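Everything below concerns the one structure shown next.
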Amino acid sequence: MVSMRSANERLAHRRNVVDEALEAFVQDRMTGSEAPAMSLARDVLLAGGKRYRPVLALLAFEAAGGGDPNEVMDLALSAELIHTATLVHDDIYDQSKTRRGKPTLHASHGMAHGIIAGDYLFVLGFELGGRYEARIVERMARTCAGIATGELLQFEHIDDLATTPEDYYAIIDGKTAGAFATACSCAAIVANAPDSTVEALDGFGMEVGRAFQLVDDMLDLTGEASMGKPRGTDVHEGKMTLPIIHALTMLHGVEREQLADVLRNFSDDRWEELTYLLQEAGSFDYALQLIENHLDRALAEIDSLPPSAARDLMSEVARLSQSRRT
């Protein structure tokens with residue numbers, strides 16, 4: 001196992017490689033007929049971030065026996081382009097005014113421009129991913145269909161206090177976890193890995209993605225302004241995240257009725273009330289344990305891979321996602 005300092009340095013190096021490739025791609029599109037569209041999308045695309053998906057694609061390729069990272073770079077960039085497209089569209093659905101402390105694209109340029117920019121980024125993602133073999137393109141298509149389905153399921157369960165954990169996982173597997181799984185498994189396909197390795201990395205990505213979304217849920221309930229979006233955005237929007245679903249299940253009588261009232265009539269002055277009820281239900285501890293469980297399963301999935309620095313770094317990425325604050 002690599003040291004924490006060495007792991008962070010190596011991960012930073014891979015993020016830099018992704019950033020450099022992304023900047024070169026953007027610059028190339030700024031010089032042709034697509035310049036107006038890329039000029040619109042450029043800032044949100046280059047706004048930074050942890051680049052979890054493309055970094056995991058690079059690491060999965062290497063862990064699966066791949067050699068030249070240039071072979072998988074288009075796939076890694078495709079994952080980031082599609083992810084950024086979903087963020088642009090999410091901000092529109094959620095009517096968010098800021099992301100990472102800066103105005104969202106639709107807030108600064110208008111709704112129509114935001115929709116166009118998101119669509120453009122989706123097209124670019126498919127262009128790069130479409131350069132690979134058919135089964136990669138098919139996995140990407142299923143993933144994007146899953147994103148759409150997950151969004152629609154989430155809309156159906158807004159303010160639905162009867163939402164179940166099964167509903168929740170159907171939503172996040174489509175919206176979030178599937179993209180992690182596809183980035184990892186498709187990278188293994190590019191590396192010409194056996195099917196067993198492809199599916200192990202698919203399972204790793206799915207479990208990391210589930211943990212990633214649960215961390216997001218916790219940050220929404222416990223985070224600070226520095227996390228990139230206002231605390232409680234999901235609660236204000238009526239989204240049924242797992243800690244809330246758990247509390248609605250565990251509380252009974254007066255406390256259950258109180259929680260239902262808080263959720264139906266939520267305002268910032270009811271934060272302490274909401275936090276108290278979630279603590280009473282044990283919902284924070286429950287979510288933290290689930291995060292740990294998903295990460296344990298993720299690491300178990302890649303135990304079968306040959307030992308390598310890339311496999312160790314994938315483990316570090318999983319654990320870093322658990323402790324992130326943004």
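Labels for the structure tokens follow display order: chains A, B, ..., residues from 1 in each chain, ligands from 1.
Using only C-alpha atoms, the residues found no farther than 10 Å from Pro306 (chain A), other than those of its own chain fewer than 4 positions away, are A:Ala63, A:Ala64, A:Gly65, A:Ile302, A:Ala310, A:Arg311.
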Dump as a JSON list (two decimals), in the first residue's frame, selection limited to all heavy atoms:
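So selection.json came out as:
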[["chain", "number", "residue", "atom", "x", "y", "z"],
["A", 63, "ALA", "N", -4.97, -0.51, -13.91],
["A", 63, "ALA", "CA", -5.13, -1.68, -13.04],
["A", 63, "ALA", "C", -5.55, -2.91, -13.84],
["A", 63, "ALA", "O", -5.27, -4.04, -13.43],
["A", 63, "ALA", "CB", -6.16, -1.37, -11.95],
["A", 64, "ALA", "N", -6.23, -2.70, -14.96],
["A", 64, "ALA", "CA", -6.68, -3.80, -15.80],
["A", 64, "ALA", "C", -5.62, -4.28, -16.78],
["A", 64, "ALA", "O", -5.89, -5.14, -17.61],
["A", 64, "ALA", "CB", -7.94, -3.38, -16.56],
["A", 65, "GLY", "N", -4.44, -3.68, -16.69],
["A", 65, "GLY", "CA", -3.34, -4.12, -17.55],
["A", 65, "GLY", "C", -3.08, -3.25, -18.75],
["A", 65, "GLY", "O", -2.27, -3.61, -19.62],
["A", 302, "ILE", "N", -12.19, -5.26, -6.23],
["A", 302, "ILE", "CA", -10.90, -5.18, -6.94],
["A", 302, "ILE", "C", -9.81, -6.01, -6.26],
["A", 302, "ILE", "O", -8.65, -5.97, -6.69],
["A", 302, "ILE", "CB", -10.43, -3.72, -7.11],
["A", 302, "ILE", "CG1", -10.33, -2.98, -5.78],
["A", 302, "ILE", "CG2", -11.38, -2.99, -8.05],
["A", 302, "ILE", "CD1", -9.72, -1.59, -5.91],
["A", 310, "ALA", "N", -1.80, 1.24, -9.29],
["A", 310, "ALA", "CA", -3.09, 1.77, -9.74],
["A", 310, "ALA", "C", -4.22, 1.21, -8.88],
["A", 310, "ALA", "O", -5.14, 1.95, -8.49],
["A", 310, "ALA", "CB", -3.32, 1.40, -11.21],
["A", 311, "ARG", "N", -4.17, -0.08, -8.55],
["A", 311, "ARG", "CA", -5.20, -0.67, -7.70],
["A", 311, "ARG", "C", -5.18, -0.02, -6.32],
["A", 311, "ARG", "O", -6.24, 0.29, -5.75],
["A", 311, "ARG", "CB", -5.00, -2.18, -7.57],
["A", 311, "ARG", "CG", -6.18, -2.88, -6.91],
["A", 311, "ARG", "CD", -5.91, -4.35, -6.68],
["A", 311, "ARG", "NE", -4.98, -4.55, -5.55],
["A", 311, "ARG", "CZ", -4.71, -5.74, -4.99],
["A", 311, "ARG", "NH1", -5.27, -6.83, -5.50],
["A", 311, "ARG", "NH2", -3.88, -5.84, -3.99]]
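Distances here use only C-alpha atoms; by that measure, the residue among A:Leu152, A:Met206, A:Ile82, A:Leu290 closest to Val123 (chain A) is A:Ile82.
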In Å and to one decimal, CA of Phe204 (chain A) is distant from CA of Ser185 (chain A) by 8.9 Å
So, with only C-alpha atoms as the atoms that count, which of A:Ile245, A:Ile291, A:Val137, A:Leu263 lies closest to Ile189 (chain A)?
A:Val137
Nearest to Asp303 (chain A) by atom-to-atom distance, counting only C-alpha atoms, from A:Ala200, A:Cys184, A:Ile244, A:Ala145
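Closest residue, counting only C-alpha atoms: A:Ala200.
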Taking into account only C-alpha atoms, which residue in the set A:Asp19, A:Gly118, A:Val208, A:Leu248 is nearest to Glu316 (chain A)?
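Between A:Asp19, A:Gly118, A:Val208, A:Leu248, the residue approaching Glu316 (chain A) most closely is A:Val208.
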Where does region 131-228 of chain A meet region 90-93 of chain A within 12 Å, residue by residue, with the nearest atom pair and distance in Å to one decimal for each, counting only C-alpha atoms, listed by chain and rising number, as JSON lines?
{"residue": "A:Ile147", "atom": "CA", "partner": "A:Asp90", "partner_atom": "CA", "distance": 10.9}
{"residue": "A:Ala148", "atom": "CA", "partner": "A:Asp90", "partner_atom": "CA", "distance": 11.0}
{"residue": "A:Gly150", "atom": "CA", "partner": "A:Asp90", "partner_atom": "CA", "distance": 11.8}
{"residue": "A:Glu151", "atom": "CA", "partner": "A:Asp90", "partner_atom": "CA", "distance": 8.9}
{"residue": "A:Leu152", "atom": "CA", "partner": "A:Tyr93", "partner_atom": "CA", "distance": 11.0}
{"residue": "A:Gln154", "atom": "CA", "partner": "A:Tyr93", "partner_atom": "CA", "distance": 11.2}
{"residue": "A:Phe155", "atom": "CA", "partner": "A:Tyr93", "partner_atom": "CA", "distance": 9.7}
{"residue": "A:Lys175", "atom": "CA", "partner": "A:Asp90", "partner_atom": "CA", "distance": 10.4}
May I have the residues within 9 Å of region 119-122 of chain A as a compact mmCIF listing (two decimals) with all heavy atoms, in the first residue's frame, using only C-alpha atoms and disregarding those fewer than 6 positions away in the same chain?
# COMPACT_ATOMS: atom_id res chain seq x y z
N ALA A 37 -20.40 27.80 -29.10
CA ALA A 37 -20.92 26.84 -28.12
C ALA A 37 -19.87 26.53 -27.05
O ALA A 37 -20.18 26.48 -25.86
CB ALA A 37 -21.36 25.56 -28.82
N MET A 38 -18.62 26.33 -27.48
CA MET A 38 -17.59 26.02 -26.50
C MET A 38 -17.29 27.23 -25.61
O MET A 38 -17.00 27.07 -24.43
CB MET A 38 -16.31 25.54 -27.19
CG MET A 38 -15.18 25.19 -26.22
SD MET A 38 -15.68 24.00 -24.93
CE MET A 38 -15.50 22.45 -25.81
N ALA A 41 -19.73 26.98 -22.87
CA ALA A 41 -19.56 25.86 -21.95
C ALA A 41 -18.20 25.83 -21.27
O ALA A 41 -18.02 25.13 -20.27
CB ALA A 41 -19.76 24.54 -22.70
N LEU A 45 -16.86 23.89 -17.67
CA LEU A 45 -16.08 22.68 -17.92
C LEU A 45 -14.71 22.75 -17.26
O LEU A 45 -14.19 21.75 -16.78
CB LEU A 45 -15.93 22.48 -19.43
CG LEU A 45 -15.36 21.15 -19.91
CD1 LEU A 45 -16.16 19.98 -19.39
CD2 LEU A 45 -15.35 21.13 -21.44
N SER A 78 -14.62 11.87 -21.97
CA SER A 78 -16.05 11.66 -22.23
C SER A 78 -16.83 11.60 -20.93
O SER A 78 -17.90 12.22 -20.80
CB SER A 78 -16.25 10.37 -23.02
OG SER A 78 -17.62 10.06 -23.16
N LEU A 81 -17.11 15.14 -19.56
CA LEU A 81 -18.01 15.98 -20.34
C LEU A 81 -19.47 15.64 -20.05
O LEU A 81 -20.30 16.54 -19.86
CB LEU A 81 -17.72 15.78 -21.84
CG LEU A 81 -16.42 16.41 -22.35
CD1 LEU A 81 -16.02 15.78 -23.68
CD2 LEU A 81 -16.58 17.92 -22.51
N ILE A 82 -19.79 14.36 -20.00
CA ILE A 82 -21.17 13.95 -19.72
C ILE A 82 -21.55 14.33 -18.29
O ILE A 82 -22.67 14.81 -18.04
CB ILE A 82 -21.35 12.44 -19.98
CG1 ILE A 82 -21.25 12.18 -21.48
CG2 ILE A 82 -22.68 11.94 -19.43
CD1 ILE A 82 -21.21 10.71 -21.86
N HIS A 83 -20.63 14.14 -17.34
CA HIS A 83 -20.90 14.55 -15.96
C HIS A 83 -21.17 16.05 -15.88
O HIS A 83 -22.13 16.47 -15.22
CB HIS A 83 -19.71 14.19 -15.09
CG HIS A 83 -19.75 14.80 -13.72
ND1 HIS A 83 -20.76 14.54 -12.82
CD2 HIS A 83 -18.90 15.67 -13.09
CE1 HIS A 83 -20.55 15.21 -11.71
NE2 HIS A 83 -19.44 15.90 -11.85
N THR A 84 -20.37 16.84 -16.56
CA THR A 84 -20.57 18.30 -16.52
C THR A 84 -21.89 18.68 -17.16
O THR A 84 -22.58 19.59 -16.68
CB THR A 84 -19.40 19.02 -17.22
OG1 THR A 84 -18.16 18.58 -16.66
CG2 THR A 84 -19.51 20.53 -17.05
N ALA A 85 -22.27 17.98 -18.22
CA ALA A 85 -23.57 18.24 -18.85
C ALA A 85 -24.70 18.01 -17.85
O ALA A 85 -25.65 18.80 -17.78
CB ALA A 85 -23.75 17.33 -20.06
N THR A 86 -24.59 16.93 -17.06
CA THR A 86 -25.64 16.66 -16.08
C THR A 86 -25.69 17.75 -15.00
O THR A 86 -26.77 18.09 -14.52
CB THR A 86 -25.46 15.29 -15.41
OG1 THR A 86 -24.28 15.27 -14.63
CG2 THR A 86 -25.41 14.18 -16.45
N HIS A 89 -27.56 20.76 -16.43
CA HIS A 89 -29.00 20.50 -16.46
C HIS A 89 -29.59 20.39 -15.06
O HIS A 89 -30.70 20.87 -14.81
CB HIS A 89 -29.28 19.23 -17.27
CG HIS A 89 -29.16 19.42 -18.74
ND1 HIS A 89 -29.15 18.38 -19.64
CD2 HIS A 89 -29.04 20.56 -19.50
CE1 HIS A 89 -29.05 18.86 -20.87
NE2 HIS A 89 -28.97 20.17 -20.81
Restricting the calculation to only C-alpha atoms, which member of A:Leu277, A:Ala179, A:Val215, A:Ala188 is positioned closest to His246 (chain A)?
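Looking at the shortest contact to His246 (chain A), the residue is A:Leu277.
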Determine, counting only C-alpha atoms, which protein, DNA and RNA residues have an atom within 10 Å of an atom of region 158-163 of chain A; residues of the same chain fewer than 3 positions away are not included. Present the result as a PyMOL selection string.
chain A and resi 153-155+166-168+234-242+244-246+248-249+259-260+263-264
Could you pull the residues within 9 Å of region 22-27 of chain A, counting only C-alpha atoms, minus those fewer than 4 positions along the same chain, as a ChimeraX atom specification?
/A:17-18,31,38-39,42,45-46,77,80
A:Gly130, A:Leu56, A:Thr233, A:Arg10 ranked by distance to Gln95 (chain A), top pick (using only C-alpha atoms)
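Residue with the minimum atom-to-atom distance to Gln95 (chain A): A:Thr233.
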Interatomic distance (Å, one decimal) between CA of Leu214 (chain A) and CA of Cys144 (chain A)
20.5 Å
All helix (DSSP H, G or I) positions in region 49-288 of chain A, as an NGL selection string:
:A and (52-63 or 70-94 or 105-109 or 111-129 or 134-156 or 165-190 or 195-222 or 225-227 or 233-236 or 242-250 or 253-264 or 268-281 or 283-288)
Hey, what's within 8 Å of Lys50 (chain A) if we count only C-alpha atoms and toss same-chain stuff fewer than 2 positions away? As a list in words, please?
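Surrounding residues, per the criterion: Arg15, Gly48 and Tyr52 of chain A.
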